[in-house]
>>> print(open('target-v2.cif').read())   # mmCIF, C-alpha atoms and all ligand atoms
data_final
#
loop_
_atom_site.label_atom_id
_atom_site.label_comp_id
_atom_site.auth_asym_id
_atom_site.auth_seq_id
_atom_site.Cartn_x
_atom_site.Cartn_y
_atom_site.Cartn_z
CA MET E 68 23.86 -239.66 -159.05
CA LYS E 69 25.35 -242.33 -156.83
CA LYS E 70 29.09 -242.33 -156.13
CA LYS E 71 30.60 -245.32 -157.94
CA ILE E 72 33.21 -247.13 -155.89
CA ALA E 73 35.91 -249.61 -156.90
CA ILE E 74 37.12 -251.78 -154.02
CA LEU E 75 40.54 -253.35 -154.54
CA GLY E 76 40.75 -256.21 -152.04
CA SER E 77 37.01 -256.51 -151.36
CA THR E 78 37.34 -259.90 -149.65
CA GLY E 79 39.66 -258.64 -146.89
CA SER E 80 39.01 -257.05 -143.52
CA ILE E 81 38.75 -253.48 -144.88
CA GLY E 82 37.03 -254.61 -148.09
CA THR E 83 34.21 -256.48 -146.34
CA GLN E 84 33.65 -253.63 -143.87
CA ALA E 85 33.54 -251.17 -146.78
CA LEU E 86 30.81 -253.29 -148.36
CA ASP E 87 28.86 -253.14 -145.07
CA VAL E 88 29.13 -249.34 -145.21
CA ILE E 89 28.00 -249.29 -148.83
CA ALA E 90 25.07 -251.65 -148.12
CA ALA E 91 23.92 -249.37 -145.30
CA ASN E 92 24.15 -246.32 -147.62
CA ASN E 93 22.98 -247.78 -150.90
CA ASP E 94 21.16 -244.58 -151.79
CA ILE E 95 24.56 -242.82 -151.93
CA PHE E 96 27.08 -245.44 -153.09
CA GLU E 97 27.17 -248.05 -155.81
CA VAL E 98 29.79 -250.76 -156.30
CA GLU E 99 31.50 -250.56 -159.68
CA VAL E 100 34.46 -252.93 -159.25
CA LEU E 101 35.35 -255.72 -156.79
CA THR E 102 38.68 -257.55 -156.69
CA ALA E 103 40.19 -260.43 -154.72
CA GLN E 104 43.40 -262.41 -154.91
CA SER E 105 42.32 -266.00 -154.23
CA ASN E 106 39.06 -266.01 -152.26
CA ALA E 107 36.85 -266.77 -155.27
CA ASP E 108 33.87 -267.97 -153.20
CA LEU E 109 33.52 -264.73 -151.28
CA LEU E 110 34.16 -262.64 -154.40
CA ILE E 111 31.34 -264.47 -156.18
CA GLU E 112 29.02 -264.01 -153.21
CA GLN E 113 29.81 -260.28 -153.09
CA ALA E 114 29.33 -259.91 -156.85
CA VAL E 115 25.91 -261.59 -156.72
CA LYS E 116 24.85 -259.27 -153.91
CA PHE E 117 26.30 -255.95 -155.11
CA LYS E 118 26.14 -256.47 -158.90
CA PRO E 119 29.28 -254.55 -159.86
CA ASN E 120 30.13 -253.79 -163.45
CA VAL E 121 33.48 -255.66 -163.21
CA VAL E 122 35.18 -258.19 -160.95
CA VAL E 123 38.84 -259.20 -161.03
CA ILE E 124 40.31 -262.33 -159.47
CA GLY E 125 44.09 -262.08 -159.03
CA GLU E 126 44.85 -265.77 -159.36
CA GLU E 127 44.42 -266.66 -163.00
CA MET E 128 43.56 -270.30 -162.44
CA LEU E 129 40.40 -269.21 -160.59
CA TYR E 130 39.08 -267.26 -163.57
CA ASP E 131 36.92 -270.11 -164.94
CA LYS E 132 35.27 -270.69 -161.59
CA VAL E 133 34.37 -267.01 -161.10
CA ASN E 134 33.33 -266.54 -164.71
CA ALA E 135 31.05 -269.60 -164.66
CA ALA E 136 29.39 -268.55 -161.40
CA LEU E 137 28.62 -265.05 -162.70
CA ASP E 138 27.70 -266.18 -166.21
CA SER E 139 24.01 -265.32 -165.97
CA LEU E 140 24.67 -261.84 -164.58
CA ASP E 141 25.76 -258.79 -166.53
CA ILE E 142 29.20 -258.65 -164.87
CA LYS E 143 32.55 -258.60 -166.67
CA VAL E 144 35.11 -260.98 -165.19
CA TYR E 145 38.87 -260.52 -165.56
CA CYS E 146 41.92 -262.08 -163.92
CA GLY E 147 45.58 -261.43 -163.19
CA GLN E 148 47.71 -258.56 -161.95
CA LYS E 149 47.54 -256.62 -165.23
CA SER E 150 43.73 -256.50 -165.11
CA LEU E 151 43.88 -255.47 -161.46
CA ALA E 152 46.18 -252.61 -162.38
CA SER E 153 44.04 -251.37 -165.28
CA VAL E 154 40.50 -251.94 -164.01
CA VAL E 155 40.79 -248.79 -161.88
CA GLU E 156 40.82 -246.70 -165.07
CA ASN E 157 37.17 -247.49 -165.95
CA GLU E 158 35.49 -244.23 -166.79
CA SER E 159 32.52 -244.61 -164.47
CA ILE E 160 34.56 -245.00 -161.25
CA HIS E 161 34.51 -242.02 -158.87
CA THR E 162 36.61 -243.35 -155.96
CA VAL E 163 39.00 -246.28 -155.65
CA LEU E 164 39.29 -247.82 -152.18
CA THR E 165 42.74 -249.43 -152.00
CA ALA E 166 42.26 -252.28 -149.52
CA LEU E 167 44.79 -254.78 -150.81
CA VAL E 168 47.90 -255.69 -148.86
CA GLY E 169 51.45 -254.47 -149.22
CA TYR E 170 53.38 -253.49 -152.31
CA SER E 171 50.66 -254.96 -154.58
CA GLY E 172 48.71 -251.72 -154.09
CA LEU E 173 51.31 -249.45 -155.65
CA ILE E 174 50.75 -249.77 -159.41
CA PRO E 175 46.91 -249.90 -159.26
CA THR E 176 46.93 -246.76 -157.09
CA ILE E 177 49.23 -244.91 -159.47
CA ASN E 178 47.06 -245.91 -162.43
CA ALA E 179 43.90 -244.81 -160.61
CA ILE E 180 45.39 -241.40 -159.83
CA LYS E 181 46.55 -240.95 -163.43
CA ALA E 182 42.99 -241.75 -164.54
CA GLY E 183 41.70 -238.98 -162.26
CA LYS E 184 40.09 -241.18 -159.60
CA HIS E 185 39.90 -240.11 -155.98
CA ILE E 186 41.66 -242.53 -153.65
CA ALA E 187 40.33 -243.80 -150.33
CA LEU E 188 43.64 -245.12 -149.08
CA ALA E 189 43.80 -248.08 -146.71
CA ASN E 190 46.88 -249.58 -148.36
CA LYS E 191 49.47 -247.55 -146.42
CA GLU E 192 52.37 -249.47 -147.98
CA THR E 193 51.78 -247.56 -151.23
CA LEU E 194 52.79 -244.30 -149.53
CA VAL E 195 55.63 -245.98 -147.63
CA VAL E 196 57.15 -247.31 -150.84
CA ALA E 197 56.70 -244.32 -153.13
CA GLY E 198 55.04 -241.50 -151.18
CA GLU E 199 56.79 -238.72 -153.05
CA ILE E 200 55.74 -239.94 -156.49
CA VAL E 201 52.18 -240.81 -155.43
CA THR E 202 51.46 -237.50 -153.66
CA LYS E 203 52.96 -235.46 -156.52
CA LEU E 204 50.79 -237.34 -159.02
CA ALA E 205 47.70 -236.71 -156.90
CA ILE E 206 48.36 -232.95 -156.97
CA GLU E 207 49.07 -233.04 -160.70
CA HIS E 208 45.84 -234.92 -161.47
CA LYS E 209 43.80 -232.99 -158.88
CA VAL E 210 42.61 -236.06 -157.00
CA ASP E 211 42.10 -236.43 -153.27
CA ILE E 212 43.90 -239.06 -151.24
CA LEU E 213 41.50 -239.63 -148.35
CA PRO E 214 42.99 -241.65 -145.50
CA VAL E 215 41.19 -244.75 -144.26
CA ASP E 216 43.80 -245.71 -141.66
CA SER E 217 42.12 -244.73 -138.38
CA GLU E 218 44.99 -242.57 -137.09
CA HIS E 219 45.32 -240.66 -140.34
CA SER E 220 41.57 -240.28 -140.63
CA ALA E 221 41.66 -238.79 -137.13
CA ILE E 222 44.35 -236.28 -138.12
CA PHE E 223 42.52 -235.47 -141.35
CA GLN E 224 39.32 -234.84 -139.37
CA CYS E 225 41.21 -232.58 -136.93
CA LEU E 226 42.55 -230.57 -139.87
CA VAL E 227 39.18 -229.81 -141.47
CA GLY E 228 38.80 -226.02 -141.42
CA GLU E 229 42.43 -225.50 -140.34
CA TYR E 230 43.99 -225.16 -143.78
CA ILE E 231 45.61 -221.76 -143.08
CA ASN E 232 47.07 -222.99 -139.76
CA PRO E 233 50.41 -224.81 -139.85
CA ILE E 234 50.78 -228.06 -137.92
CA GLU E 235 53.36 -227.93 -135.11
CA LYS E 236 53.29 -231.70 -134.71
CA ILE E 237 51.02 -234.69 -134.89
CA ILE E 238 50.72 -237.41 -132.27
CA LEU E 239 49.94 -240.87 -133.62
CA THR E 240 48.43 -243.21 -131.07
CA ALA E 241 49.38 -246.90 -130.98
CA SER E 242 47.59 -249.62 -129.04
CA GLY E 243 50.92 -251.32 -128.31
CA GLY E 244 49.49 -254.60 -129.63
CA PRO E 245 49.38 -257.95 -127.85
CA PHE E 246 52.98 -257.73 -126.59
CA ARG E 247 52.90 -254.32 -124.90
CA GLY E 248 55.06 -254.39 -121.78
CA LYS E 249 56.85 -257.62 -122.74
CA ASP E 250 60.65 -257.90 -122.94
CA LYS E 251 62.97 -259.41 -125.55
CA GLU E 252 63.33 -262.63 -123.60
CA PHE E 253 59.57 -263.16 -123.89
CA LEU E 254 59.39 -262.10 -127.55
CA LYS E 255 62.16 -264.50 -128.58
CA SER E 256 59.84 -267.47 -128.46
CA VAL E 257 56.39 -266.03 -129.27
CA LYS E 258 54.47 -267.81 -132.02
CA LYS E 259 52.20 -266.48 -134.72
CA GLU E 260 49.09 -267.62 -132.84
CA GLN E 261 49.96 -265.20 -130.02
CA ALA E 262 50.95 -262.39 -132.39
CA LEU E 263 47.71 -262.74 -134.34
CA LYS E 264 45.60 -261.96 -131.26
CA HIS E 265 45.23 -258.19 -131.36
CA PRO E 266 43.54 -256.75 -128.26
CA ASN E 267 41.40 -254.08 -129.99
CA TRP E 268 41.21 -254.59 -133.75
CA ASP E 269 40.23 -257.53 -135.97
CA MET E 270 42.38 -257.14 -139.11
CA GLY E 271 44.14 -259.07 -141.87
CA ALA E 272 47.15 -261.22 -140.90
CA LYS E 273 49.91 -258.95 -142.26
CA ILE E 274 48.82 -255.78 -140.46
CA THR E 275 48.12 -257.76 -137.27
CA ILE E 276 51.73 -258.98 -137.19
CA ASP E 277 52.89 -255.44 -138.03
CA SER E 278 50.87 -254.20 -135.05
CA ALA E 279 52.47 -256.76 -132.73
CA SER E 280 55.98 -255.75 -133.88
CA MET E 281 55.20 -251.97 -133.92
CA MET E 282 56.10 -251.91 -137.63
CA ASN E 283 52.52 -250.88 -138.31
CA LYS E 284 53.17 -247.65 -136.39
CA GLY E 285 56.44 -247.23 -138.23
CA LEU E 286 54.68 -247.55 -141.59
CA GLU E 287 52.05 -245.09 -140.33
CA VAL E 288 54.70 -242.53 -139.41
CA ILE E 289 55.92 -242.61 -143.03
CA GLU E 290 52.34 -242.61 -144.33
CA ALA E 291 51.64 -239.49 -142.23
CA LYS E 292 54.72 -237.72 -143.58
CA TRP E 293 53.36 -237.94 -147.10
CA LEU E 294 49.67 -237.39 -146.36
CA PHE E 295 50.24 -234.26 -144.28
CA ASP E 296 53.57 -233.02 -145.67
CA LEU E 297 55.50 -233.29 -142.39
CA LYS E 298 59.11 -233.66 -141.30
CA ALA E 299 60.13 -236.65 -139.17
CA GLU E 300 60.58 -234.33 -136.13
CA GLN E 301 56.92 -233.32 -136.37
CA ILE E 302 55.66 -236.87 -135.85
CA GLU E 303 55.38 -238.35 -132.38
CA VAL E 304 54.10 -241.76 -131.36
CA ILE E 305 52.36 -242.44 -128.05
CA VAL E 306 51.06 -245.77 -126.81
CA HIS E 307 47.38 -245.62 -125.86
CA PRO E 308 46.20 -249.16 -125.10
CA GLN E 309 42.45 -248.42 -125.17
CA SER E 310 42.49 -247.21 -128.85
CA ILE E 311 39.84 -244.55 -128.14
CA VAL E 312 41.85 -241.41 -128.98
CA HIS E 313 42.63 -242.20 -132.61
CA SER E 314 45.33 -239.49 -133.00
CA LEU E 315 45.97 -235.80 -132.35
CA VAL E 316 47.23 -232.61 -133.99
CA GLN E 317 49.07 -229.85 -132.14
CA PHE E 318 48.95 -226.38 -133.69
CA GLU E 319 51.40 -223.49 -133.34
CA ASP E 320 49.42 -221.91 -130.48
CA GLY E 321 49.95 -225.11 -128.46
CA SER E 322 46.34 -226.21 -128.79
CA ILE E 323 45.76 -229.93 -129.41
CA LYS E 324 42.80 -231.40 -131.31
CA ALA E 325 41.97 -235.10 -131.12
CA GLN E 326 39.40 -237.39 -132.69
CA LEU E 327 37.85 -240.05 -130.48
CA GLY E 328 35.57 -243.03 -130.90
CA LEU E 329 35.27 -246.75 -130.34
CA PRO E 330 37.75 -248.79 -132.38
CA ASP E 331 35.67 -249.60 -135.47
CA MET E 332 37.18 -249.29 -138.96
CA LYS E 333 33.74 -248.71 -140.48
CA LEU E 334 33.86 -245.14 -139.22
CA PRO E 335 37.04 -244.04 -141.05
CA ILE E 336 35.99 -246.04 -144.12
CA GLN E 337 32.63 -244.27 -144.20
CA TYR E 338 34.23 -240.87 -143.57
CA ALA E 339 36.62 -241.36 -146.51
CA LEU E 340 33.89 -242.57 -148.88
CA GLY E 341 31.39 -239.92 -147.82
CA PHE E 342 33.80 -236.98 -147.51
CA PRO E 343 33.11 -234.08 -147.12
CA LYS E 344 29.80 -235.27 -145.64
CA ARG E 345 29.46 -237.07 -142.34
CA LEU E 346 26.89 -239.75 -143.01
CA LYS E 347 24.50 -240.84 -140.30
CA SER E 348 25.39 -244.22 -138.80
CA ASP E 349 24.08 -246.67 -136.23
CA PHE E 350 27.59 -247.70 -135.09
CA PRO E 351 27.78 -248.19 -131.29
CA ARG E 352 28.47 -244.89 -129.50
CA PHE E 353 31.37 -244.25 -127.15
CA ASP E 354 30.51 -243.79 -123.47
CA PHE E 355 33.14 -242.15 -121.22
CA THR E 356 31.82 -243.94 -118.14
CA ASN E 357 32.85 -247.28 -119.70
CA TYR E 358 36.42 -245.95 -120.06
CA PRO E 359 37.24 -244.07 -116.86
CA ASN E 360 40.96 -244.52 -117.51
CA LEU E 361 42.37 -243.49 -120.85
CA THR E 362 46.12 -243.99 -120.51
CA PHE E 363 49.19 -242.93 -122.47
CA GLU E 364 52.81 -244.09 -122.34
CA LYS E 365 56.07 -243.85 -124.26
CA PRO E 366 56.74 -246.58 -126.85
CA ASP E 367 59.51 -249.04 -125.93
CA LEU E 368 61.94 -248.55 -128.84
CA GLU E 369 64.54 -250.77 -127.22
CA THR E 370 62.34 -253.88 -127.36
CA PHE E 371 60.36 -252.97 -130.48
CA ARG E 372 63.16 -252.02 -132.87
CA ASN E 373 60.93 -251.72 -135.93
CA LEU E 374 59.55 -248.33 -134.96
CA GLY E 375 63.09 -246.93 -134.67
CA LEU E 376 64.04 -248.51 -138.01
CA ALA E 377 61.06 -246.82 -139.66
CA PHE E 378 62.04 -243.41 -138.27
CA GLU E 379 65.58 -244.05 -139.53
CA ALA E 380 64.25 -244.95 -143.00
CA LEU E 381 62.12 -241.82 -143.03
CA SER E 382 65.07 -239.60 -142.09
CA LYS E 383 67.33 -241.17 -144.75
CA GLY E 384 64.59 -240.83 -147.37
CA GLY E 385 65.15 -241.92 -150.98
CA ASN E 386 64.43 -245.61 -151.46
CA MET E 387 65.10 -246.48 -147.78
CA PRO E 388 61.39 -246.72 -146.79
CA CYS E 389 60.86 -248.95 -149.84
CA ILE E 390 63.70 -251.21 -148.58
CA LEU E 391 62.17 -251.23 -145.10
CA ASN E 392 58.77 -252.19 -146.51
CA ALA E 393 59.96 -254.97 -148.82
CA ALA E 394 62.17 -256.52 -146.12
CA ASN E 395 59.27 -256.34 -143.68
CA GLU E 396 56.85 -258.02 -146.09
CA VAL E 397 59.25 -260.93 -146.57
CA ALA E 398 59.99 -261.12 -142.83
CA VAL E 399 56.29 -261.12 -141.84
CA ASP E 400 55.54 -263.82 -144.40
CA ALA E 401 58.43 -265.95 -143.05
CA PHE E 402 57.25 -265.44 -139.46
CA LEU E 403 53.71 -266.47 -140.45
CA LYS E 404 55.19 -269.63 -141.97
CA ASP E 405 57.14 -270.37 -138.75
CA ARG E 406 60.44 -269.99 -140.63
CA ILE E 407 61.87 -267.24 -138.42
CA GLY E 408 61.32 -265.99 -134.87
CA PHE E 409 59.55 -262.77 -133.90
CA LEU E 410 62.72 -260.78 -133.16
CA GLU E 411 64.46 -261.94 -136.32
CA MET E 412 62.03 -259.86 -138.34
CA SER E 413 63.87 -256.70 -137.19
CA ASP E 414 67.27 -258.31 -137.89
CA ILE E 415 66.28 -258.96 -141.51
CA ILE E 416 64.95 -255.43 -142.00
CA ALA E 417 68.08 -253.86 -140.47
CA TYR E 418 70.29 -256.11 -142.64
CA CYS E 419 68.50 -255.05 -145.85
CA MET E 420 68.65 -251.37 -144.88
CA GLN E 421 72.44 -251.73 -144.52
CA THR E 422 73.12 -253.76 -147.66
CA ILE E 423 70.72 -252.71 -150.42
CA ASN E 424 71.88 -249.92 -152.75
CA PHE E 425 70.71 -246.53 -151.53
CA VAL E 426 69.14 -244.29 -154.18
CA GLU E 427 68.63 -240.70 -153.13
CA LYS E 428 66.12 -239.60 -155.75
CA PRO E 429 64.41 -242.75 -156.98
CA SER E 430 62.22 -243.01 -160.06
CA LEU E 431 59.29 -245.43 -160.16
CA GLU E 432 61.58 -247.93 -161.91
CA ASP E 433 64.10 -247.56 -159.07
CA TYR E 434 61.39 -248.37 -156.54
CA ILE E 435 60.34 -251.44 -158.52
CA GLU E 436 63.98 -252.58 -158.70
CA THR E 437 64.56 -251.83 -154.99
CA ASP E 438 61.50 -253.86 -154.01
CA LYS E 439 62.70 -256.79 -156.10
CA SER E 440 66.33 -256.79 -154.92
CA THR E 441 65.35 -256.29 -151.27
CA ARG E 442 62.95 -259.23 -151.37
CA GLN E 443 65.70 -261.40 -152.84
CA ALA E 444 68.24 -260.29 -150.23
CA ALA E 445 65.76 -260.88 -147.39
CA LEU E 446 64.88 -264.33 -148.72
CA ASN E 447 68.56 -265.25 -149.05
CA LYS E 448 69.18 -264.13 -145.48
CA ILE E 449 66.31 -266.32 -144.23
CA LYS E 450 67.49 -269.49 -146.04
P1 LIG C 1 43.35 -258.54 -145.65
O1 LIG C 1 44.47 -259.49 -145.68
O2 LIG C 1 42.21 -258.82 -144.73
O3 LIG C 1 42.73 -258.37 -147.12
C1 LIG C 1 43.54 -258.12 -148.24
C2 LIG C 1 42.73 -258.07 -149.51
O4 LIG C 1 43.62 -257.90 -150.62
C3 LIG C 1 41.96 -259.34 -149.81
O5 LIG C 1 40.84 -259.01 -150.59
C4 LIG C 1 42.97 -260.14 -150.63
O6 LIG C 1 42.33 -261.12 -151.47
C5 LIG C 1 43.62 -259.05 -151.45
N1 LIG C 1 45.02 -259.33 -151.78
C6 LIG C 1 45.96 -259.88 -150.98
N2 LIG C 1 47.14 -259.98 -151.61
C7 LIG C 1 46.95 -259.48 -152.85
C8 LIG C 1 47.79 -259.34 -153.99
N3 LIG C 1 49.08 -259.71 -153.98
N4 LIG C 1 47.26 -258.80 -155.10
C9 LIG C 1 45.98 -258.42 -155.12
N5 LIG C 1 45.13 -258.54 -154.09
C10 LIG C 1 45.61 -259.07 -152.96
O7 LIG C 1 43.97 -257.11 -145.34
P2 LIG C 1 43.33 -255.88 -144.57
O8 LIG C 1 41.97 -255.60 -145.07
O9 LIG C 1 43.53 -256.05 -143.11
O10 LIG C 1 44.30 -254.69 -144.99
C11 LIG C 1 44.26 -254.08 -146.26
C12 LIG C 1 45.13 -252.82 -146.25
O11 LIG C 1 44.54 -251.89 -145.37
C13 LIG C 1 46.56 -253.06 -145.76
O12 LIG C 1 47.45 -252.24 -146.46
C14 LIG C 1 46.49 -252.64 -144.30
O13 LIG C 1 47.72 -252.17 -143.81
C15 LIG C 1 45.47 -251.50 -144.37
N6 LIG C 1 44.75 -251.26 -143.12
C16 LIG C 1 43.96 -252.24 -142.59
C17 LIG C 1 43.28 -252.04 -141.40
C18 LIG C 1 42.35 -253.09 -140.85
O14 LIG C 1 41.66 -252.83 -139.86
N7 LIG C 1 42.28 -254.27 -141.42
C19 LIG C 1 43.41 -250.78 -140.67
C20 LIG C 1 44.23 -249.80 -141.33
C21 LIG C 1 44.87 -250.05 -142.52
P3 LIG C 1 42.01 -262.61 -150.93
O15 LIG C 1 40.98 -262.44 -149.85
O16 LIG C 1 41.49 -263.30 -152.11
O17 LIG C 1 43.31 -263.14 -150.41
MG MG C 2 46.18 -247.58 -138.20
#
>>> encode(input="target-v2.cif", output="structure tokens")
Amino acid sequence: MKKKIAILGSTGSIGTQALDVIAANNDIFEVEVLTAQSNADLLIEQAVKFKPNVVVIGEEMLYDKVNAALDSLDIKVYCGQKSLASVVENESIHTVLTALVGYSGLIPTINAIKAGKHIALANKETLVVAGEIVTKLAIEHKVDILPVDSEHSAIFQCLVGEYINPIEKIILTASGGPFRGKDKEFLKSVKKEQALKHPNWDMGAKITIDSASMMNKGLEVIEAKWLFDLKAEQIEVIVHPQSIVHSLVQFEDGSIKAQLGLPDMKLPIQYALGFPKRLKSDFPRFDFTNYPNLTFEKPDLETFRNLGLAFEALSKGGNMPCILNAANEVAVDAFLKDRIGFLEMSDIIAYCMQTINFVEKPSLEDYIETDKSTRQAALNKIK
């Protein structure tokens, strides 16, 4: 029997690469659900090619267009956020790949876990916002959360076979993004066009800005805490501009294991979908002689404040990472619309972390309320 996959966010960077992986392994995987927010044309194209059981378009006014285009095929078409949140419960789905952006991934992921689906998790913000609730639910419902993020996939791969051995610490690698080595004076006036040029990875706009500001690494630190049950002191970040060593685990005997490869998200996507099997691939192979210098350096927390803010949010716990995430989503959106400067993103996040009500043991409703009030406060600050 083929593994039936639901891809939330199939028209994005991760979603399209996941479909490449599935197309190359169509004897193993089958597409059950595809979803997009507004890119109806690509969603239709994907549906015609992969013939899923269901597609969902987020924007309701695009429903007629998608429905008409798929009329002659045996594909159910739904629209809106409610459908997106419930489509993951379809009985036939084996694994849900969460490849949508930001907070929008939270409720669909929770519903998928409650319905007993395994999660291939790209949408790191879900764990940043409500990691405690999500990981507890996964244990309760006996589902796997398999990381797609390359660093977390690397750590996960290093841990295979090590389940009786405690982790001393993990070392997350960061490329440093397009502004590595720059100072605040330079960053003051950078524009989105510069920030959107990532040296090693071709990704969606939000995560590319997060990479330039180091918030992506901050979100990944929090993601790692929940995936691998770690304390903040056990998580270290090191800048590695070549993005070949994808991350490392240090064990209690001092030994360090790393996972290496060319920067290509298809590998961690395929590993998560195929787990526990390593599927054969024709991805380009890494050659050491092309990379005689793999380098490592300390992150510059002075210039890139977001990474420090994320560690602070992690240490405070409660709803603080949720505040950090919501403020960051608003700030990134405003930066992409040329409404604020690059450095102001950190100012807005720090402001929200100081002013929004702290809740030590939040319920899901508290997280929803925190997300809402933080967005409002961040928007008011920007006006
Ligand atoms: P993209 O922006 O490329 O794609 C996002 C996808 O989600 C699209 O299909 C988009 O639809 C859909 N979407 C956007 N907003 C919403 C919404 N509000 N509700 C429902 N669907 C929505 O993002 P990426 O693929 O780059 O990233 C996806 C996730 O994976 C993020 O959480 C990111 O942090 C994580 N990730 C990405 C990596 C990468 O290499 N890209 C690496 C590691 C993690 P539409 O196209 O119609 O707008
Ligand atoms: Mg990553």
>>> closest_residue(input="target-v2.cif", among="E:Glu207, E:Glu158, E:Asp269, E:Glu97", to="ligand MG 2 (chain C)", atoms="all atoms listed in the file")
E:Asp269
>>> residues_near_ligand(input="target-v2.cif", ligand="ligand MG 2 (chain C)", cutoff="12 Å", atoms="all atoms listed in the file", output="VMD selection string")
chain E and resid 81 188 to 192 214 to 222 239 to 244 267 to 270 274 to 275 277 to 278 281 to 291 304 310 312 to 314 330 to 332 335 to 336
>>> atom_distance(input="target-v2.cif", atom1="CA of Ser171 (chain E)", atom2="CA of Met387 (chain E)")
18.1 Å
>>> closest_residue(input="target-v2.cif", among="E:Lys428, E:Lys184, E:Arg247, E:Lys149", to="Pro366 (chain E)", atoms="all atoms listed in the file")
E:Arg247
>>> closest_residue(input="target-v2.cif", among="E:Tyr230, E:Phe253, E:Phe378, E:Phe371", to="Phe318 (chain E)", atoms="only C-alpha atoms")
E:Tyr230
>>> closest_residue(input="target-v2.cif", among="E:Leu151, E:Val168, E:Val210, E:Val123", to="ligand LIG 1 (chain C)", atoms="all atoms listed in the file")
E:Val168
>>> atom_distance(input="target-v2.cif", atom1="CA of Phe363 (chain E)", atom2="CA of Gly248 (chain E)")
12.9 Å
>>> residues_around(input="target-v2.cif", residues="Gly82 (chain E)", least_positions_apart="2", cutoff="10 Å", atoms="all atoms listed in the file", output="VMD selection string")
chain E and resid 74 to 80 84 to 88 101 to 103 164 to 167 189 336
>>> closest_residue(input="target-v2.cif", among="E:Thr362, E:Ser382, E:Lys69, E:Leu431", to="Ile305 (chain E)", atoms="only C-alpha atoms")
E:Thr362
>>> atom_distance(input="target-v2.cif", atom1="CA of Lys132 (chain E)", atom2="atom C1 of ligand LIG 1 (chain C)")
20.1 Å
